[in-house]
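Notes follow the structure.
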Number of protein chains: 4
Amino acid sequence: MREHAKPLPSYLVGRYRGWHATSYTENRAWYRRLAEEGQRPRSMIIACCDSRVHVTSMFGADQGEFFIHRNIANLVPQFTPDGDHHGTSAAVEYAVKNLRVAHMIVLGHSSCGGVEGCHAMCSGQAPELEEKTSFTGAWLNLLRPGYERVTERNPADPVTELEREAVKVSLENLMTFPFVREALDDDRMTLHGLRHDISEGLLEQYDSATDRFETI
Amino acid sequence: MREHAKPLPSYLVGRYRGWHATSYTENRAWYRRLAEEGQRPRSMIIACCDSRVHVTSMFGADQGEFFIHRNIANLVPQFTPDGDHHGTSAAVEYAVKNLRVAHMIVLGHSSCGGVEGCHAMCSGQAPELEEKTSFTGAWLNLLRPGYERVTERNPADPVTELEREAVKVSLENLMTFPFVREALDDDRMTLHGLRHDISEGLLEQYDSATDRFETI
Amino acid sequence: MREHAKPLPSYLVGRYRGWHATSYTENRAWYRRLAEEGQRPRSMIIACCDSRVHVTSMFGADQGEFFIHRNIANLVPQFTPDGDHHGTSAAVEYAVKNLRVAHMIVLGHSSCGGVEGCHAMCSGQAPELEEKTSFTGAWLNLLRPGYERVTERNPADPVTELEREAVKVSLENLMTFPFVREALDDDRMTLHGLRHDISEGLLEQYDSATDRFETI
Amino acid sequence: MREHAKPLPSYLVGRYRGWHATSYTENRAWYRRLAEEGQRPRSMIIACCDSRVHVTSMFGADQGEFFIHRNIANLVPQFTPDGDHHGTSAAVEYAVKNLRVAHMIVLGHSSCGGVEGCHAMCSGQAPELEEKTSFTGAWLNLLRPGYERVTERNPADPVTELEREAVKVSLENLMTFPFVREALDDDRMTLHGLRHDISEGLLEQYDSATDRFETI
């Protein structure tokens with residue numbers, strides 16, 4: 001490995017230096033307190049890795065405000081305490097048990113490559129994802145129950161519906177974690193499901209009473 | 001699940017609406033192109049979930065620029081094609097094979113609760129993390145090889161050293177992925193290891209020639 | 001001073017711009033009338049500076065509705081026309097004589113750091129507050145008569161009782177202002193004493209007939 | 001006093017009940033944590049009591065984010081440790097020493113009745129404010145140095161200029177507090193001066209390099 005790590009591209013070095021001379025310097029006192037006293041985020045956000053989703057901009061985030069986990073298609077697996085390493089489950093556990101966040105927000109988005117991949121895979125259009133060696137395929141399998149619900153409903157736009165299912169499946173799976181359920185039952189935390197439309201910049205919210213997504 | 005999802009706190013709704021009326025509206029054309037044509041990020045960043053780490057601010061991120069995976073302590077597991085769902089491996093695979101990013105950046109940081117937890121666990125101070133049911137403990141086990149190297153060196157500040165090891169272990173594990181090694185060998189991608197000091201706003205970079213971190 | 005003023009943190013600039021593009025723009029006509037014709041608030045609220053007390057949210061405030069003075073522990077001093085500058089007395093005078101508000105509301109709250117400080121000081125646990133140079137101590141001295149009444153009653157929870165006394169002492173001191181008494185006697189204004197419980201979101205109201213606070 | 005406290009107007013009771021059933025209930029977990037763990041505001045804002053200035057809306061405030069002191073014309077007196085009760089000095093002291101806020105923001109505004117009163121008084125048009133018994137007059141005297149600077153400059157719009165002076169005089173007086181100066185010298189805090197135009201919703205920022213206010 002050692003021969004491989006390379007210097008950061010200079011345009012990123014330049015931007016970092018600019019950030020340090022401005023934003024950091026102007027807010028040094030707060031950064032120092034955050035470092036000394038630790039973080040106390042109010043919310044955890046589970047979002048997609050997609051480069052077009054800027055969680056912190058959209059919600060005017062202050063430093064220290066959101067604990068953010070990002071993975072492909074903002075998926076949460078079911079509770080599986082088998083001793084294996086589960087990055088998403090660990091992040092959820094840490095947020096609920098250690099940070100005791102007040103809100104757990106699952107944020108999906110439009111034109112999600114992961115969701116499109118899942119749809120292609122489940123409809124037999126992406127054999128490469130079905131190979132045992134495909135990490136992406138194995139990961140997107142978490143969304144297969146959503147795919148099955150979508151095909152039952154047979155909507156006009158199945159991929160958009162599957163993006164919504166990616167949020168719902170994650171909310172459902174979150175409920176299989178005993179400490180999540182407990183935090184909800186004790187009113188220590190609330191769950192939220194959102195889907196962001198990149199093209200129009202819209203945000204729709206899952207309403208569990210109607211089982212529908214409504215634009216905010 | 002259905003009875004549990006709640007409306008977004010109104011201060012976040014207000015901030016989102018403000019973002020839509022300003023940042024989104026001012027950049028609508030670009031967002032629409034990003035939605036139509038898909039993302040084409042230049043880099044993947046693997047960072048921690050910590051609320052104090054604002055990757056996009058520090059690097060002046062443009063929408064569509066960084067494919068960002070965030071997990072506890074910015075860890076990457078070894079290549080393990082066992083058909084199980086591995087969120088981090090899936091994100092790395094997707095970034096390298098589908099998005100063909102030019103840079104793979106691992107970004108660690110100071111006062112990392114995950115790294116502190118790993119140090120406590122490995123030194124026998126955190127039995128709760130050693131329980132088979134602890135997702136956080138199982139995840140932080142990925143960093144155990146780093147802990148062993150740190151204890152061998154027995155440095156003045158072992159936790160800070162372990163934060164650096166969290167970056168190095170991830171870089172090493174990335175090299176166990178055939179498609180990562182291939183991309184590096186073909187000069188299609190470069191690897192980068194960084195550690196961010198929250199308090200001072202500093203950024204140090206791993207230099208594989210000297211096997212040391214140097215402040216930028 | 002001149003070398004010291006700094007630019008506003010960018011997350012606040014962003015939120016402000018968002019507010020201007022939405023809330024302001026949607027209500028421009030009303031803001032312009034408020035600017036042209038001046039304010040005509042129905043009530044004055046005297047509340048604590050505490051960041052957890054959102055007066056305007058709790059009472060669904062319209063712009064122009066509440067004239068709000070906030071100081072530590074929502075205290076009002078006695079009428080002391082000595083020509084010195086008294087910010088609270090000036091605010092009360094302006095509200096009653098110039099704005100002729102119809103309601104004067106004193107709003108206390110739970111876990112008030114000021115009230116806790118007063119309790120510590122009066123019980124000899126906070127010598128630093130008793131120093132002549134402590135502005136906080138001198139200010140909290142206004143609440144000493146309340147502390148004495150509480151110690152006489154010797155209740156189970158003296159600090160909560162002192163939070164209630166902070167409201168009562170302020171109401172009593174308001175009565176020492178001739179123009180306040182006159183406005184009350186002429187039925188031009190009514191007085192109200194409230195205590196807000198942050199944890200449970202409750203609001204209790206002072207009933208002068210029973211000399212007790214009753215939850216609304 | 002006892003015969004005077006009255007029940008809260010029912011429209012406010014109604015709004016409070018609505019707030020409790022919605023905003024409070026949806027955010028109960030966070031309110032409980034704020035109550036348990038105390039506040040940790042990032043900034044102190046010194047604003048006017050004026051009913052048209054909604055600090056929390058304009059900055060999309062989360063509960064627990066801003067420690068807010070409001071008095072007539074957002075004035076800060078000079079450091080005067082004479083043992084008398086000084087509400088503004090106490091609030092500043094508490095914010096800097098106890099809460100250790102990272103930012104101290106003075107927020108002025110247009111069509112400020114206090115500033116207009118000061119201008120009238122200083123130009124001999126408001127004898128009632130010059131009477132020794134006028135709390136408002138005595139308080140607005142804090143702004144007299146600003147009035148003198150404005151008359152020297154003799155600008156087209158002296159009252160607007162005096163609104164800006166109300167911010168600058170407060171920033172200058174803040175610098176007379178040893179603990180404020182110390183916090184600034186130690187980079188533990190930054191100062192910010194703003195003036196809000198109610199009619200147009202604009203926000204202008206004091207730039208100490210140029211000694212001017214620039215619209216954000």
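Labels for the structure tokens follow display order: chains A, B, ..., residues from 1 in each chain, ligands from 1.
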Who sits within 12 Å of stretch 207-212 of chain B, only C-alpha atoms, same chain under 5 positions skipped, as a PyMOL selection string: (chain A and resi 1-8) or (chain B and resi 161+164-165+167-168+171-172+191-195)
Exercise answer, chain A residues close to chain C, 12 Å and only C-alpha atoms, as a PyMOL selection string: chain A and resi 19+22-30+56-63+65+187-188
Alpha helix (DSSP H) call set, DSSP backbone run, stretch 42-156 of chain A, as a PyMOL selection string: chain A and resi 55-58+87-93+113-122+127-130+135-140+144-153
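Residue nearest A:Leu99 within the list A:Phe213, A:Phe135, A:Tyr206, A:Phe66: A:Phe66 [criterion: smallest interatomic distance, only C-alpha atoms].
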Shell of 9 Å around B:Val169, only C-alpha atoms, local chain residues under 4 positions omitted, as a list in words: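 These residues fall inside the cut-off: Leu75, Val76, Pro77, Leu142, Leu143, Pro145, Gly146, Arg164, Glu165, Asn173 and Leu174 of chain B.
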Would you put the residues from that selection into a file with C-alpha atoms, as a compact mmCIF listing (two decimals), in the first residue's frame?
# COMPACT_ATOMS: atom_id res chain seq x y z
CA LEU B 75 -13.21 2.56 8.41
CA VAL B 76 -13.01 0.26 5.38
CA PRO B 77 -13.13 -3.51 5.96
CA LEU B 142 -11.78 -3.41 12.20
CA LEU B 143 -9.33 -1.00 13.81
CA PRO B 145 -4.69 -4.09 13.95
CA GLY B 146 -4.08 -0.35 14.22
CA ARG B 164 -4.03 8.11 12.20
CA GLU B 165 -4.10 4.31 12.15
CA ASN B 173 -7.82 -2.56 3.39
CA LEU B 174 -8.77 -0.64 0.26
